[in-house]
>>> print(open('query-v9.cif').read())   # mmCIF, C-alpha atoms and all ligand atoms
data_work
loop_
_atom_site.label_atom_id
_atom_site.label_comp_id
_atom_site.auth_asym_id
_atom_site.auth_seq_id
_atom_site.Cartn_x
_atom_site.Cartn_y
_atom_site.Cartn_z
CA MET A 462 -5.84 2.29 -20.79
CA GLN A 463 -4.74 3.04 -17.25
CA ASN A 464 -3.58 0.18 -15.04
CA ILE A 465 -4.54 0.53 -11.41
CA LEU A 466 -3.22 -1.61 -8.57
CA VAL A 467 -5.17 -1.58 -5.30
CA ILE A 468 -3.48 -2.98 -2.21
CA ASN A 469 -5.75 -3.40 0.82
CA SER A 470 -4.32 -4.50 4.13
CA SER A 471 -7.19 -4.25 6.58
CA ILE A 472 -7.64 -7.26 8.86
CA SER A 473 -11.38 -6.77 8.21
CA GLY A 474 -11.05 -7.35 4.47
CA GLU A 475 -13.78 -5.66 2.39
CA ASN A 476 -15.40 -4.33 5.58
CA GLY A 477 -12.36 -2.40 6.71
CA ASN A 478 -12.63 1.38 6.67
CA SER A 479 -9.49 1.63 4.53
CA SER A 480 -10.95 -0.88 2.02
CA LYS A 481 -14.13 1.22 1.92
CA LEU A 482 -11.96 4.25 1.13
CA THR A 483 -10.21 2.43 -1.74
CA HIS A 484 -13.59 1.39 -3.18
CA ARG A 485 -15.03 4.90 -2.89
CA PHE A 486 -11.94 6.30 -4.60
CA LEU A 487 -12.05 3.68 -7.36
CA THR A 488 -15.71 4.53 -8.01
CA LYS A 489 -14.76 8.19 -8.36
CA LEU A 490 -11.90 7.38 -10.75
CA GLN A 491 -14.17 5.11 -12.81
CA ALA A 492 -16.73 7.92 -13.08
CA GLN A 493 -14.01 10.13 -14.59
CA GLN A 494 -12.38 7.58 -16.85
CA ALA A 495 -13.98 4.55 -18.48
CA ASN A 496 -10.87 2.71 -19.54
CA LEU A 497 -9.36 1.49 -16.27
CA HIS A 498 -7.89 -1.93 -15.71
CA VAL A 499 -7.94 -2.73 -11.99
CA VAL A 500 -6.00 -5.40 -10.10
CA GLU A 501 -6.91 -5.60 -6.41
CA ARG A 502 -5.27 -7.45 -3.55
CA HIS A 503 -6.54 -8.01 -0.03
CA LEU A 504 -3.35 -8.94 1.79
CA SER A 505 -5.28 -10.23 4.83
CA ASP A 506 -6.74 -13.00 2.62
CA MET A 507 -3.26 -14.26 1.79
CA GLN A 508 -1.01 -16.25 4.08
CA ILE A 509 2.05 -14.04 3.71
CA GLY A 510 4.74 -15.04 6.18
CA HIS A 511 7.66 -13.01 7.41
CA ILE A 512 10.53 -12.62 5.00
CA SER A 513 13.16 -15.36 5.41
CA ALA A 514 16.77 -15.95 4.42
CA ALA A 515 15.65 -18.96 2.34
CA GLU A 516 13.30 -16.71 0.36
CA MET A 517 16.05 -14.18 -0.27
CA GLN A 518 18.40 -16.97 -1.35
CA ALA A 519 15.73 -18.07 -3.84
CA TRP A 520 15.63 -14.51 -5.28
CA GLY A 521 19.42 -14.57 -5.61
CA THR A 522 19.47 -17.90 -7.47
CA GLU A 523 19.22 -17.80 -11.28
CA GLU A 524 15.73 -18.78 -12.38
CA ASN A 525 16.90 -21.88 -14.25
CA GLN A 526 19.00 -23.00 -11.25
CA ARG A 527 16.21 -22.82 -8.65
CA THR A 528 14.91 -25.94 -6.94
CA PRO A 529 11.09 -26.36 -7.10
CA GLY A 530 10.96 -25.12 -3.48
CA GLN A 531 12.97 -22.00 -4.37
CA ALA A 532 10.80 -21.36 -7.43
CA ALA A 533 7.71 -21.46 -5.20
CA LEU A 534 9.34 -19.13 -2.65
CA ALA A 535 10.38 -16.62 -5.33
CA ALA A 536 6.94 -16.62 -7.00
CA LEU A 537 5.33 -14.42 -4.31
CA SER A 538 7.80 -11.57 -4.67
CA GLU A 539 7.83 -11.90 -8.44
CA SER A 540 4.05 -11.68 -8.77
CA PHE A 541 3.88 -8.66 -6.43
CA ILE A 542 6.67 -6.88 -8.33
CA ALA A 543 5.12 -7.63 -11.75
CA GLU A 544 1.84 -6.08 -10.57
CA LEU A 545 3.67 -2.97 -9.38
CA GLN A 546 5.74 -2.63 -12.54
CA HIS A 547 2.61 -2.91 -14.65
CA ALA A 548 0.62 -0.30 -12.68
CA ASP A 549 0.38 3.38 -13.61
CA THR A 550 -1.52 4.21 -10.43
CA ILE A 551 -1.28 2.49 -7.05
CA ILE A 552 -3.96 2.90 -4.40
CA LEU A 553 -3.02 1.78 -0.89
CA GLY A 554 -5.79 1.17 1.65
CA MET A 555 -3.85 1.93 4.81
CA PRO A 556 -5.16 1.15 8.30
CA MET A 557 -3.11 2.43 11.24
CA TYR A 558 -2.37 -0.46 13.60
CA ASN A 559 -0.33 0.31 16.70
CA PHE A 560 1.12 3.49 15.18
CA GLY A 561 2.41 1.76 12.10
CA VAL A 562 1.45 0.02 8.88
CA PRO A 563 -0.22 -3.41 9.09
CA SER A 564 2.29 -6.27 9.35
CA THR A 565 0.85 -7.75 6.13
CA PHE A 566 1.67 -4.50 4.32
CA LYS A 567 5.21 -4.61 5.73
CA ALA A 568 5.45 -8.23 4.50
CA TRP A 569 4.37 -6.96 1.02
CA ILE A 570 7.02 -4.21 1.12
CA ASP A 571 9.61 -6.85 2.08
CA ARG A 572 8.69 -8.74 -1.13
CA VAL A 573 8.74 -5.72 -3.48
CA ALA A 574 11.93 -4.00 -2.26
CA ARG A 575 14.57 -5.97 -4.15
CA ALA A 576 18.08 -4.76 -4.99
CA GLY A 577 18.70 -4.87 -8.73
CA VAL A 578 14.97 -5.20 -9.47
CA THR A 579 13.06 -2.32 -7.85
CA PHE A 580 16.05 -0.30 -6.58
CA GLN A 581 19.78 -0.29 -7.10
CA TYR A 582 22.76 1.05 -5.25
CA THR A 583 24.96 3.43 -7.22
CA ALA A 584 28.05 5.51 -6.41
CA ASN A 585 25.61 8.30 -5.51
CA GLY A 586 23.45 6.16 -3.25
CA PRO A 587 20.28 4.15 -3.83
CA VAL A 588 18.12 4.78 -6.91
CA GLY A 589 14.49 3.63 -7.16
CA LEU A 590 13.55 1.81 -10.35
CA LEU A 591 9.74 2.08 -10.15
CA LYS A 592 9.32 5.34 -12.05
CA ASN A 593 6.40 7.41 -13.36
CA LYS A 594 3.81 6.06 -10.98
CA LYS A 595 1.18 7.92 -9.01
CA VAL A 596 0.42 6.62 -5.53
CA PHE A 597 -2.61 7.39 -3.37
CA VAL A 598 -2.51 6.38 0.28
CA LEU A 599 -6.00 6.25 1.81
CA ALA A 600 -5.46 6.13 5.55
CA ALA A 601 -8.05 5.03 8.12
CA ARG A 602 -7.37 5.72 11.78
CA GLY A 603 -9.22 5.44 15.07
CA GLY A 604 -7.44 8.49 16.50
CA ILE A 605 -6.08 11.74 15.06
CA TYR A 606 -2.38 11.94 14.30
CA ALA A 607 -1.82 13.47 10.83
CA GLY A 608 0.71 16.28 10.94
CA THR A 609 1.98 15.32 14.41
CA ALA A 610 5.18 13.55 15.47
CA LYS A 611 3.12 10.46 16.35
CA ASP A 612 2.23 9.93 12.68
CA THR A 613 5.29 7.83 11.89
CA GLN A 614 3.22 5.97 9.28
CA THR A 615 3.22 8.88 6.80
CA ASN A 616 6.99 9.44 6.93
CA TYR A 617 7.69 5.73 6.65
CA LEU A 618 5.46 5.41 3.58
CA ARG A 619 6.98 8.47 1.87
CA ASP A 620 10.48 7.12 2.59
CA VAL A 621 9.98 3.55 1.47
CA LEU A 622 7.90 4.41 -1.62
CA GLY A 623 10.42 7.11 -2.57
CA PHE A 624 13.29 4.64 -2.10
CA LEU A 625 11.63 2.47 -4.76
CA GLY A 626 11.21 5.47 -7.11
CA MET A 627 7.59 6.35 -6.29
CA THR A 628 7.85 9.98 -5.26
CA ASP A 629 4.45 11.24 -6.46
CA VAL A 630 2.38 10.27 -3.40
CA GLU A 631 -0.90 11.79 -2.18
CA PHE A 632 -2.39 11.06 1.25
CA VAL A 633 -6.05 11.15 2.24
CA TYR A 634 -6.82 10.70 5.94
CA ALA A 635 -10.04 9.50 7.54
CA GLU A 636 -9.10 10.07 11.18
CA GLY A 637 -10.95 9.97 14.47
CA LEU A 638 -13.10 7.05 13.32
CA ALA A 639 -13.19 5.64 16.86
CA MET A 640 -13.93 8.98 18.54
CA GLY A 641 -17.72 8.92 18.36
CA PRO A 642 -20.27 9.30 15.54
CA ASP A 643 -19.76 13.05 14.99
CA SER A 644 -16.03 12.61 14.61
CA ALA A 645 -16.47 9.59 12.32
CA ASN A 646 -19.02 11.41 10.13
CA ALA A 647 -16.74 14.42 9.80
CA ALA A 648 -13.85 12.10 8.89
CA TRP A 649 -15.83 10.36 6.14
CA GLN A 650 -17.06 13.68 4.74
CA GLY A 651 -13.56 15.16 4.74
CA ALA A 652 -12.10 12.09 3.04
CA GLU A 653 -14.93 12.00 0.45
CA SER A 654 -14.33 15.59 -0.49
CA GLU A 655 -10.54 15.16 -0.65
CA MET A 656 -10.91 12.03 -2.80
CA SER A 657 -13.34 13.82 -5.18
CA LYS A 658 -10.74 16.57 -5.70
CA LEU A 659 -7.95 14.05 -6.33
CA ALA A 660 -10.04 11.94 -8.71
CA SER A 661 -10.98 14.86 -10.96
C1 LIG B 701 -4.84 -3.94 16.15
C2 LIG B 701 -5.30 -2.52 16.00
C3 LIG B 701 -4.44 -1.49 16.33
C4 LIG B 701 -4.86 -0.17 16.18
N1 LIG B 701 -3.97 0.84 16.45
C5 LIG B 701 -4.34 2.13 16.21
C6 LIG B 701 -3.40 3.20 16.38
O1 LIG B 701 -2.24 3.01 16.74
N2 LIG B 701 -3.82 4.46 16.14
C7 LIG B 701 -5.08 4.73 15.70
O2 LIG B 701 -5.40 5.89 15.45
N3 LIG B 701 -6.00 3.73 15.52
C8 LIG B 701 -5.65 2.46 15.76
N4 LIG B 701 -6.54 1.44 15.54
C9 LIG B 701 -7.85 1.77 14.95
C10 LIG B 701 -7.80 1.62 13.44
O3 LIG B 701 -6.86 2.50 12.88
C11 LIG B 701 -9.17 1.87 12.82
O4 LIG B 701 -10.04 0.85 13.32
C12 LIG B 701 -9.14 1.84 11.30
O5 LIG B 701 -10.48 1.88 10.84
C13 LIG B 701 -8.45 0.57 10.81
O6 LIG B 701 -8.59 0.42 9.43
P1 LIG B 701 -9.48 -0.75 8.83
O7 LIG B 701 -10.89 -0.54 9.34
O8 LIG B 701 -9.35 -0.58 7.36
O9 LIG B 701 -8.92 -2.06 9.31
C14 LIG B 701 -6.17 0.11 15.71
C15 LIG B 701 -7.04 -0.94 15.39
C16 LIG B 701 -6.61 -2.25 15.53
C17 LIG B 701 -7.53 -3.36 15.15
#
>>> encode(input="query-v9.cif", output="structure tokens")
Amino acid sequence: MQNILVINSSISGENGNSSKLTHRFLTKLQAQQANLHVVERHLSDMQIGHISAAEMQAWGTEENQRTPGQAALAALSESFIAELQHADTIILGMPMYNFGVPSTFKAWIDRVARAGVTFQYTANGPVGLLKNKKVFVLAARGGIYAGTAKDTQTNYLRDVLGFLGMTDVEFVYAEGLAMGPDSANAAWQGAESEMSKLAS
């Protein structure tokens, strides 16, 4: 059985273009392989606050020493990390908002990047501990930026995922979605065809 983790971060939930991409891609994977176990998160449905010092102190406190408040604070990061550790394949529905990743996705990253758990510092520098995972980033954008210096999102994602050990990352872009119907249609067709290739 293959374990798949889907992380959506569109503010439009299921109706977001990036969520539609993750669902199209999942359908293609399911057509290829019957035995998939899928866990899906819509981060916009969760009230994930900014990371805080209190939360990090909770992580740093031994489990049996935590106050009930610290246990509750640590639970968010621990559940996100357990889902990641368990997954063979991770599918990220990735809207571009103001040239970057959604703030909810950044809040998720802040909960899964933990020294000693998902990465560690060594004499040779940092080493990611989330190994042997395949990541697909399905990016939805109003404009067209892939391959240009303005696409800081792609570099950021490669860097932070690689830092955690996830170096096998494929990107699919549906770009120009806000540039008129012809542009949007071409974007959907291009993404469909790219996702079909990657799923097979
Ligand atoms: C708050 C906000 C900021 C946006 N910023 C950008 C941007 O910087 N570049 C871009 O190409 N599109 C931008 N867009 C358009 C979105 O990328 C586009 O609507 C995409 O479909 C979003 O994904 P979603 O539908 O899954 O939420 C923005 C949209 C919103 C709502």
>>> closest_atom_pairs(input="query-v9.cif", of="chain A", to="ligand LIG 701 (chain B)", cutoff="9 Å", atoms="only C-alpha atoms and all ligand atoms", output="Markdown table")
| residue | atom | partner | partner_atom | distance |
| --- | --- | --- | --- | --- |
| A:Asn469 | CA | B:LIG701 | O8 | 8.0 |
| A:Ser470 | CA | B:LIG701 | O8 | 7.1 |
| A:Ser471 | CA | B:LIG701 | O9 | 3.9 |
| A:Ile472 | CA | B:LIG701 | O9 | 5.4 |
| A:Ser473 | CA | B:LIG701 | O9 | 5.4 |
| A:Gly474 | CA | B:LIG701 | O9 | 7.5 |
| A:Glu475 | CA | B:LIG701 | O8 | 8.4 |
| A:Asn476 | CA | B:LIG701 | O7 | 7.0 |
| A:Gly477 | CA | B:LIG701 | O7 | 3.5 |
| A:Asn478 | CA | B:LIG701 | O7 | 3.7 |
| A:Ser479 | CA | B:LIG701 | O8 | 3.6 |
| A:Ser480 | CA | B:LIG701 | O8 | 5.6 |
| A:Lys481 | CA | B:LIG701 | O8 | 7.5 |
| A:Leu482 | CA | B:LIG701 | O8 | 8.3 |
| A:Gly554 | CA | B:LIG701 | O8 | 7.0 |
| A:Met555 | CA | B:LIG701 | O8 | 6.6 |
| A:Pro556 | CA | B:LIG701 | O6 | 3.7 |
| A:Met557 | CA | B:LIG701 | O3 | 4.1 |
| A:Tyr558 | CA | B:LIG701 | N1 | 3.5 |
| A:Asn559 | CA | B:LIG701 | O1 | 3.3 |
| A:Phe560 | CA | B:LIG701 | O1 | 3.7 |
| A:Gly561 | CA | B:LIG701 | O1 | 6.7 |
| A:Pro563 | CA | B:LIG701 | C1 | 8.5 |
| A:Ala600 | CA | B:LIG701 | O6 | 7.6 |
| A:Ala601 | CA | B:LIG701 | C12 | 4.6 |
| A:Arg602 | CA | B:LIG701 | O3 | 3.4 |
| A:Gly603 | CA | B:LIG701 | N3 | 3.7 |
| A:Gly604 | CA | B:LIG701 | O2 | 3.5 |
| A:Ile605 | CA | B:LIG701 | O2 | 5.9 |
| A:Tyr606 | CA | B:LIG701 | O2 | 6.9 |
| A:Asp612 | CA | B:LIG701 | N2 | 8.9 |
| A:Ala635 | CA | B:LIG701 | O5 | 8.3 |
| A:Glu636 | CA | B:LIG701 | O2 | 7.0 |
| A:Gly637 | CA | B:LIG701 | O2 | 7.0 |
| A:Leu638 | CA | B:LIG701 | O5 | 6.3 |
| A:Ala639 | CA | B:LIG701 | O4 | 6.7 |
>>> closest_residue(input="query-v9.cif", among="A:Phe632, A:Phe541, A:Trp520, A:Tyr617", to="Val500 of chain A", atoms="all atoms listed in the file")
A:Phe541
>>> closest_residue(input="query-v9.cif", among="A:Val588, A:Val598, A:Ala535, A:Leu659", to="Asn616 of chain A", atoms="only C-alpha atoms")
A:Val598
>>> closest_residue(input="query-v9.cif", among="A:Ala574, A:Leu487, A:Ala568, A:Met462", to="Leu622 of chain A", atoms="only C-alpha atoms")
A:Ala574
>>> atom_distance(input="query-v9.cif", atom1="atom CA of Thr550 of chain A", atom2="atom CA of Gln494 of chain A")
13.1 Å
>>> residues_around(input="query-v9.cif", residues="Phe486 of chain A", least_positions_apart="4", cutoff="12 Å", atoms="all atoms listed in the file", output="PyMOL selection string")
chain A and resi 465+467+479-482+490-493+551-554+597-599+633+652-661
>>> atom_distance(input="query-v9.cif", atom1="atom CA of Glu544 of chain A", atom2="atom CA of Asn464 of chain A")
9.4 Å
>>> atom_distance(input="query-v9.cif", atom1="atom CA of Trp569 of chain A", atom2="atom CA of Tyr634 of chain A")
21.5 Å
